[in-house]
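Undergrad: File follows, structure.cif with mmCIF, N, CA and C atoms:
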data_coords
loop_
_atom_site.label_atom_id
_atom_site.label_comp_id
_atom_site.auth_asym_id
_atom_site.auth_seq_id
_atom_site.Cartn_x
_atom_site.Cartn_y
_atom_site.Cartn_z
N MET R 1 90.12 74.98 78.61
CA MET R 1 91.33 75.28 77.89
C MET R 1 92.44 75.65 78.89
N ASP R 2 93.61 75.12 78.69
CA ASP R 2 94.74 75.36 79.57
C ASP R 2 95.47 76.63 79.13
N GLN R 3 95.31 77.70 79.89
CA GLN R 3 95.88 78.99 79.52
C GLN R 3 97.40 79.03 79.64
N ILE R 4 97.97 78.28 80.59
CA ILE R 4 99.43 78.24 80.73
C ILE R 4 100.06 77.55 79.53
N ALA R 5 99.46 76.44 79.10
CA ALA R 5 99.98 75.74 77.92
C ALA R 5 99.88 76.63 76.69
N ASN R 6 98.78 77.37 76.54
CA ASN R 6 98.65 78.29 75.41
C ASN R 6 99.75 79.35 75.43
N MET R 7 100.05 79.88 76.61
CA MET R 7 101.11 80.89 76.74
C MET R 7 102.46 80.32 76.32
N LEU R 8 102.79 79.14 76.83
CA LEU R 8 104.08 78.54 76.53
C LEU R 8 104.23 78.20 75.05
N ILE R 9 103.18 77.66 74.45
CA ILE R 9 103.24 77.30 73.03
C ILE R 9 103.30 78.55 72.16
N THR R 10 102.62 79.63 72.57
CA THR R 10 102.71 80.89 71.82
C THR R 10 104.14 81.41 71.83
N ILE R 11 104.81 81.34 72.98
CA ILE R 11 106.20 81.80 73.07
C ILE R 11 107.11 80.90 72.23
N LYS R 12 106.91 79.59 72.31
CA LYS R 12 107.73 78.65 71.53
C LYS R 12 107.53 78.86 70.03
N ASN R 13 106.27 78.98 69.59
CA ASN R 13 106.00 79.17 68.16
C ASN R 13 106.49 80.52 67.67
N GLY R 14 106.44 81.55 68.51
CA GLY R 14 106.99 82.85 68.14
C GLY R 14 108.49 82.77 67.91
N GLY R 15 109.17 81.96 68.71
CA GLY R 15 110.61 81.77 68.52
C GLY R 15 110.92 81.03 67.24
N ILE R 16 110.12 80.02 66.92
CA ILE R 16 110.32 79.27 65.68
C ILE R 16 110.09 80.17 64.47
N ALA R 17 109.10 81.07 64.57
CA ALA R 17 108.78 81.99 63.47
C ALA R 17 109.69 83.21 63.45
N ARG R 18 110.68 83.27 64.36
CA ARG R 18 111.66 84.36 64.45
C ARG R 18 111.00 85.72 64.71
N LYS R 19 109.94 85.73 65.50
CA LYS R 19 109.29 86.99 65.86
C LYS R 19 110.08 87.67 66.97
N GLU R 20 110.00 88.98 67.01
CA GLU R 20 110.69 89.72 68.06
C GLU R 20 109.88 89.70 69.35
N THR R 21 108.56 89.88 69.24
CA THR R 21 107.68 89.85 70.40
C THR R 21 106.43 89.04 70.09
N VAL R 22 105.78 88.56 71.13
CA VAL R 22 104.48 87.90 71.01
C VAL R 22 103.54 88.51 72.03
N LEU R 23 102.25 88.54 71.70
CA LEU R 23 101.23 89.08 72.60
C LEU R 23 100.39 87.94 73.15
N ILE R 24 100.16 87.97 74.46
CA ILE R 24 99.43 86.92 75.15
C ILE R 24 98.41 87.59 76.07
N PRO R 25 97.18 87.06 76.16
CA PRO R 25 96.24 87.60 77.16
C PRO R 25 96.86 87.52 78.56
N CYS R 26 96.72 88.58 79.32
CA CYS R 26 97.46 88.72 80.58
C CYS R 26 96.64 88.29 81.80
N SER R 27 97.33 87.71 82.77
CA SER R 27 96.81 87.47 84.11
C SER R 27 97.99 87.59 85.07
N ASN R 28 97.72 87.70 86.35
CA ASN R 28 98.81 87.84 87.32
C ASN R 28 99.71 86.62 87.33
N PHE R 29 99.11 85.43 87.19
CA PHE R 29 99.90 84.19 87.20
C PHE R 29 100.80 84.12 85.97
N LYS R 30 100.31 84.57 84.81
CA LYS R 30 101.13 84.57 83.60
C LYS R 30 102.27 85.58 83.73
N CYS R 31 102.03 86.69 84.41
CA CYS R 31 103.12 87.65 84.67
C CYS R 31 104.19 87.04 85.55
N ASP R 32 103.77 86.24 86.54
CA ASP R 32 104.74 85.55 87.40
C ASP R 32 105.57 84.55 86.61
N ILE R 33 104.92 83.83 85.70
CA ILE R 33 105.64 82.87 84.85
C ILE R 33 106.63 83.61 83.95
N ALA R 34 106.20 84.74 83.36
CA ALA R 34 107.08 85.52 82.50
C ALA R 34 108.28 86.04 83.29
N LYS R 35 108.07 86.46 84.53
CA LYS R 35 109.17 86.93 85.36
C LYS R 35 110.17 85.81 85.62
N SER R 36 109.67 84.60 85.88
CA SER R 36 110.56 83.46 86.11
C SER R 36 111.31 83.08 84.84
N LEU R 37 110.64 83.15 83.69
CA LEU R 37 111.32 82.87 82.42
C LEU R 37 112.41 83.91 82.14
N LEU R 38 112.15 85.16 82.50
CA LEU R 38 113.14 86.23 82.34
C LEU R 38 114.34 85.99 83.26
N ASP R 39 114.08 85.64 84.51
CA ASP R 39 115.16 85.38 85.47
C ASP R 39 116.01 84.18 85.05
N ALA R 40 115.38 83.18 84.41
CA ALA R 40 116.11 81.99 83.97
C ALA R 40 116.81 82.21 82.63
N GLY R 41 116.52 83.33 81.94
CA GLY R 41 117.22 83.65 80.70
C GLY R 41 116.58 83.11 79.44
N TYR R 42 115.31 82.73 79.50
CA TYR R 42 114.64 82.19 78.31
C TYR R 42 113.96 83.27 77.47
N ILE R 43 113.67 84.44 78.06
CA ILE R 43 113.11 85.56 77.31
C ILE R 43 113.92 86.81 77.64
N SER R 44 113.82 87.83 76.78
CA SER R 44 114.57 89.07 76.99
C SER R 44 113.82 90.07 77.86
N GLY R 45 112.50 90.00 77.85
CA GLY R 45 111.73 90.94 78.65
C GLY R 45 110.24 90.72 78.46
N TYR R 46 109.48 91.45 79.26
CA TYR R 46 108.02 91.40 79.14
C TYR R 46 107.45 92.68 79.72
N LYS R 47 106.27 93.06 79.25
CA LYS R 47 105.57 94.20 79.84
C LYS R 47 104.07 94.02 79.64
N LYS R 48 103.34 94.57 80.55
CA LYS R 48 101.89 94.48 80.53
C LYS R 48 101.34 95.68 79.77
N LYS R 49 100.47 95.42 78.79
CA LYS R 49 99.88 96.48 77.99
C LYS R 49 98.38 96.50 78.24
N ASP R 50 97.87 97.64 78.68
CA ASP R 50 96.44 97.77 78.92
C ASP R 50 95.72 98.15 77.63
N ARG R 51 94.51 97.62 77.47
CA ARG R 51 93.68 97.94 76.31
C ARG R 51 92.40 98.61 76.80
N LYS R 52 91.79 99.41 75.92
CA LYS R 52 90.53 100.05 76.27
C LYS R 52 89.41 99.01 76.34
N LYS R 53 89.37 98.11 75.37
CA LYS R 53 88.37 97.05 75.36
C LYS R 53 89.05 95.73 75.62
N GLY R 54 88.40 94.88 76.39
CA GLY R 54 88.99 93.57 76.68
C GLY R 54 90.01 93.67 77.79
N GLY R 55 90.64 92.56 78.07
CA GLY R 55 91.64 92.52 79.14
C GLY R 55 93.00 93.00 78.67
N ALA R 56 93.91 93.04 79.60
CA ALA R 56 95.28 93.47 79.30
C ALA R 56 96.02 92.38 78.52
N LEU R 57 97.07 92.80 77.85
CA LEU R 57 97.92 91.87 77.10
C LEU R 57 99.32 91.87 77.70
N LEU R 58 99.96 90.73 77.59
CA LEU R 58 101.34 90.58 78.04
C LEU R 58 102.21 90.52 76.79
N GLU R 59 103.10 91.50 76.62
CA GLU R 59 104.00 91.53 75.47
C GLU R 59 105.33 90.92 75.91
N VAL R 60 105.67 89.77 75.34
CA VAL R 60 106.88 89.04 75.69
C VAL R 60 107.92 89.24 74.59
N THR R 61 109.10 89.73 74.95
CA THR R 61 110.20 89.90 74.01
C THR R 61 111.04 88.63 74.04
N LEU R 62 111.16 87.99 72.89
CA LEU R 62 111.84 86.70 72.80
C LEU R 62 113.35 86.87 72.77
N ARG R 63 114.05 85.84 73.19
CA ARG R 63 115.51 85.85 73.22
C ARG R 63 116.03 84.79 72.27
N TYR R 64 117.09 85.12 71.56
CA TYR R 64 117.70 84.20 70.60
C TYR R 64 119.17 84.00 70.93
N VAL R 65 119.71 82.84 70.57
CA VAL R 65 121.14 82.57 70.75
C VAL R 65 121.90 83.16 69.58
N ASP R 66 123.22 83.14 69.65
CA ASP R 66 124.06 83.76 68.62
C ASP R 66 123.84 83.14 67.24
N ALA R 67 123.54 81.86 67.18
CA ALA R 67 123.35 81.19 65.89
C ALA R 67 122.02 81.57 65.24
N GLY R 68 121.18 82.31 65.95
CA GLY R 68 119.92 82.76 65.38
C GLY R 68 118.72 81.94 65.81
N GLY R 69 118.95 80.85 66.51
CA GLY R 69 117.84 80.02 66.98
C GLY R 69 117.27 80.53 68.28
N SER R 70 116.08 80.11 68.59
CA SER R 70 115.41 80.51 69.82
C SER R 70 116.07 79.83 71.02
N CYS R 71 116.03 80.49 72.16
CA CYS R 71 116.55 79.89 73.40
C CYS R 71 115.67 78.73 73.84
N ILE R 72 114.41 78.74 73.41
CA ILE R 72 113.47 77.68 73.79
C ILE R 72 113.32 76.73 72.61
N THR R 73 113.78 75.50 72.78
CA THR R 73 113.62 74.51 71.72
C THR R 73 112.41 73.62 71.95
N GLN R 74 112.06 73.39 73.21
CA GLN R 74 110.92 72.53 73.51
C GLN R 74 110.34 72.89 74.87
N VAL R 75 109.04 72.73 74.99
CA VAL R 75 108.33 72.97 76.24
C VAL R 75 107.38 71.80 76.46
N ARG R 76 107.33 71.29 77.69
CA ARG R 76 106.39 70.20 77.99
C ARG R 76 105.64 70.54 79.26
N ARG R 77 104.33 70.62 79.15
CA ARG R 77 103.47 70.88 80.31
C ARG R 77 103.38 69.61 81.13
N VAL R 78 103.73 69.66 82.39
CA VAL R 78 103.76 68.47 83.24
C VAL R 78 102.45 68.35 84.01
N SER R 79 102.14 69.33 84.84
CA SER R 79 100.91 69.31 85.62
C SER R 79 99.80 69.91 84.77
N LYS R 80 98.76 69.14 84.55
CA LYS R 80 97.66 69.58 83.70
C LYS R 80 96.42 69.78 84.55
N PRO R 81 95.41 70.48 84.03
CA PRO R 81 94.19 70.66 84.82
C PRO R 81 93.54 69.32 85.20
N SER R 82 93.69 68.32 84.37
CA SER R 82 93.09 67.02 84.67
C SER R 82 93.96 66.16 85.58
N ARG R 83 95.24 66.48 85.69
CA ARG R 83 96.16 65.68 86.50
C ARG R 83 97.25 66.58 87.08
N ARG R 84 97.09 66.95 88.32
CA ARG R 84 98.06 67.81 88.99
C ARG R 84 99.20 66.96 89.55
N LEU R 85 100.42 67.44 89.37
CA LEU R 85 101.60 66.75 89.89
C LEU R 85 102.37 67.70 90.81
N TYR R 86 102.77 67.18 91.95
CA TYR R 86 103.47 67.98 92.95
C TYR R 86 104.82 67.35 93.27
N ALA R 87 105.75 68.17 93.72
CA ALA R 87 107.07 67.68 94.12
C ALA R 87 107.50 68.42 95.37
N GLY R 88 108.12 67.68 96.28
CA GLY R 88 108.72 68.29 97.46
C GLY R 88 110.07 68.89 97.09
N SER R 89 110.67 69.58 98.02
CA SER R 89 111.95 70.23 97.72
C SER R 89 113.05 69.21 97.43
N ARG R 90 112.92 68.00 97.96
CA ARG R 90 113.93 66.96 97.72
C ARG R 90 113.63 66.12 96.48
N ASN R 91 112.44 66.27 95.92
CA ASN R 91 112.03 65.44 94.78
C ASN R 91 112.10 66.18 93.44
N VAL R 92 112.70 67.34 93.41
CA VAL R 92 112.82 68.10 92.16
C VAL R 92 113.90 67.45 91.31
N TYR R 93 113.58 67.20 90.06
CA TYR R 93 114.49 66.48 89.17
C TYR R 93 115.09 67.40 88.11
N GLN R 94 116.14 66.91 87.46
CA GLN R 94 116.80 67.66 86.38
C GLN R 94 116.12 67.35 85.05
N VAL R 95 116.15 68.32 84.16
CA VAL R 95 115.60 68.16 82.83
C VAL R 95 116.75 68.11 81.84
N LYS R 96 116.78 67.09 81.00
CA LYS R 96 117.81 66.93 79.96
C LYS R 96 119.22 67.02 80.55
N HIS R 97 119.43 66.33 81.66
CA HIS R 97 120.74 66.27 82.32
C HIS R 97 121.29 67.65 82.65
N GLY R 98 120.43 68.55 83.09
CA GLY R 98 120.85 69.87 83.52
C GLY R 98 120.82 70.93 82.43
N ARG R 99 120.48 70.56 81.19
CA ARG R 99 120.43 71.55 80.11
C ARG R 99 119.09 72.28 80.06
N GLY R 100 118.11 71.80 80.78
CA GLY R 100 116.79 72.43 80.82
C GLY R 100 116.42 72.80 82.24
N ASN R 101 115.23 73.30 82.40
CA ASN R 101 114.74 73.70 83.71
C ASN R 101 113.33 73.18 83.92
N ILE R 102 112.99 73.03 85.18
CA ILE R 102 111.63 72.71 85.58
C ILE R 102 111.11 73.91 86.35
N PHE R 103 109.87 74.29 86.14
CA PHE R 103 109.28 75.43 86.82
C PHE R 103 108.16 74.96 87.73
N LEU R 104 108.15 75.47 88.96
CA LEU R 104 107.18 75.08 89.97
C LEU R 104 106.40 76.29 90.46
N SER R 105 105.16 76.04 90.83
CA SER R 105 104.36 77.04 91.51
C SER R 105 104.42 76.72 93.00
N THR R 106 105.09 77.55 93.76
CA THR R 106 105.33 77.31 95.18
C THR R 106 104.61 78.38 96.01
N PRO R 107 104.56 78.21 97.32
CA PRO R 107 104.00 79.27 98.17
C PRO R 107 104.78 80.59 98.07
N LYS R 108 106.02 80.53 97.62
CA LYS R 108 106.85 81.73 97.46
C LYS R 108 106.81 82.27 96.04
N GLY R 109 105.94 81.74 95.19
CA GLY R 109 105.80 82.20 93.81
C GLY R 109 106.32 81.17 92.83
N VAL R 110 106.28 81.53 91.55
CA VAL R 110 106.77 80.65 90.49
C VAL R 110 108.29 80.73 90.45
N MET R 111 108.95 79.56 90.45
CA MET R 111 110.41 79.54 90.43
C MET R 111 110.91 78.27 89.76
N THR R 112 112.19 78.28 89.42
CA THR R 112 112.80 77.10 88.82
C THR R 112 113.03 76.04 89.89
N GLY R 113 113.31 74.83 89.45
CA GLY R 113 113.58 73.74 90.38
C GLY R 113 114.82 74.00 91.21
N ILE R 114 115.83 74.62 90.63
CA ILE R 114 117.07 74.92 91.35
C ILE R 114 116.79 75.91 92.48
N GLN R 115 115.99 76.94 92.20
CA GLN R 115 115.64 77.91 93.23
C GLN R 115 114.81 77.25 94.33
N ALA R 116 113.90 76.36 93.95
CA ALA R 116 113.05 75.68 94.93
C ALA R 116 113.89 74.80 95.85
N GLU R 117 114.90 74.14 95.30
CA GLU R 117 115.79 73.32 96.14
C GLU R 117 116.56 74.20 97.12
N LYS R 118 117.06 75.34 96.65
CA LYS R 118 117.83 76.24 97.52
C LYS R 118 116.97 76.79 98.65
N GLU R 119 115.71 77.10 98.35
CA GLU R 119 114.82 77.68 99.36
C GLU R 119 114.04 76.62 100.13
N HIS R 120 114.27 75.36 99.82
CA HIS R 120 113.62 74.23 100.51
C HIS R 120 112.10 74.32 100.48
N VAL R 121 111.56 74.58 99.28
CA VAL R 121 110.10 74.59 99.10
C VAL R 121 109.73 73.67 97.95
N GLY R 122 108.57 73.11 98.02
CA GLY R 122 108.04 72.28 96.95
C GLY R 122 106.78 72.93 96.40
N GLY R 123 106.18 72.28 95.43
CA GLY R 123 104.96 72.84 94.86
C GLY R 123 104.52 72.07 93.64
N GLU R 124 103.60 72.66 92.91
CA GLU R 124 103.07 72.05 91.70
C GLU R 124 104.06 72.21 90.55
N ILE R 125 104.37 71.11 89.87
CA ILE R 125 105.28 71.16 88.73
C ILE R 125 104.49 71.69 87.54
N LEU R 126 104.83 72.88 87.07
CA LEU R 126 104.09 73.50 85.98
C LEU R 126 104.53 72.96 84.62
N PHE R 127 105.83 73.11 84.31
CA PHE R 127 106.31 72.70 82.99
C PHE R 127 107.81 72.49 83.01
N GLU R 128 108.28 71.80 81.96
CA GLU R 128 109.71 71.63 81.69
C GLU R 128 110.03 72.43 80.44
N ILE R 129 111.23 72.98 80.40
CA ILE R 129 111.64 73.76 79.23
C ILE R 129 113.11 73.50 78.96
N TRP R 130 113.46 73.41 77.70
CA TRP R 130 114.86 73.25 77.30
C TRP R 130 115.07 73.80 75.92
#
Using structure tokens, write down the structure that the file contains.
TA:
Amino acid sequence: MDQIANMLITIKNGGIARKETVLIPCSNFKCDIAKSLLDAGYISGYKKKDRKKGGALLEVTLRYVDAGGSCITQVRRVSKPSRRLYAGSRNVYQVKHGRGNIFLSTPKGVMTGIQAEKEHVGGEILFEIW
């Protein structure tokens, strides 16, 4: 099961259902993705919640535009466990003619394609979001 895809779809479906927050099983990599989504302006916040039984949970606060719709209209997982896709710093492409973002896992952490171009790093293309 692809845990990153589950996280992204949970956030997207929470926005469609007009929820204020969604809970996701937590890992360090998911926290890095949430931080990048926060920096890019797709979510309002996140925090890690510890539980007595089981693993920790990641509470993601969703962000909405003025019209009441979610900031996230669509998410597409690019690199999958069965097929990994990589891009160099010069091969990062635009999503929806600049209206969306691409997120990469680089040696410097999870970042958007624009940040990766500025820092001249490439990595695994995780997902597209718009």
Undergrad: Which residue is closest to Lys80 of chain R? Choose from R:Gly45, R:Ile129, R:Glu124, R:Lys19 and count only C-alpha atoms.
TA: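 Nearest candidate to Lys80 of chain R out of R:Gly45, R:Ile129, R:Glu124, R:Lys19: R:Glu124.
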Undergrad: Check the DSSP output for the backbone and give back, as a PyMOL selection string, the residues of chain R in strand (DSSP E).
TA: chain R and resi 21-25+43-49+57-62+75-77+86-87+101-106+109-112+123-129
Undergrad: Nearest to Tyr64 of chain R: which of R:Ile33, R:Ile24, R:Ile43, R:Ile125 is it, counting all atoms listed in the file?
TA: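 That would be R:Ile43, the residue with the smallest distance to Tyr64 of chain R.
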Undergrad: As JSON, numbers by chain, please: the residues near segment 105-114 of chain R (cut-off 7 Å, only C-alpha atoms, same-chain neighbours under 5 positions excluded).
TA: {"R": [32, 33, 36, 92, 121, 122, 123, 124, 125, 126]}
Undergrad: Which is closest to Asn6 of chain R among R:Lys49, R:Gly68, R:Glu59, R:Val75, if we use only C-alpha atoms?
TA: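 For Asn6 of chain R, the nearest of the candidates is R:Val75.
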Undergrad: What separation in Å, quoted to one decimal, exists between atom CA of Lys35 of chain R and atom N of Lys47 of chain R?
TA: 9.1 Å
Undergrad: For Ser79 of chain R, which of R:Ala56, R:Phe127, R:Ser44, R:Val95 is the closest residue, counting only N, CA and C atoms?
TA: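 Using only N, CA and C atoms, Ser79 of chain R sits closest to R:Phe127.
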Undergrad: What is the atom CA of Lys48 of chain R to atom CA of Asp66 of chain R distance in Å?
TA: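 Atom-to-atom, atom CA of Lys48 of chain R to atom CA of Asp66 of chain R, that is 27.4 Å.
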Undergrad: For Gln3 of chain R, which of R:Ile16, R:Pro81, R:Gly100, R:Arg63 is the closest residue, counting only C-alpha atoms?
TA: R:Pro81
Undergrad: Distance atom C of Met7 of chain R-atom CA of Gln115 of chain R, one decimal place?
TA: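 Computed distance, atom C of Met7 of chain R to atom CA of Gln115 of chain R, equals 21.6 Å.
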Undergrad: Around the point (103.8, 82.0, 77.2) (coordinates from the file), which residues reach within 12 Å if we count only C-alpha atoms? Answer as a count of residues only.
TA: 45
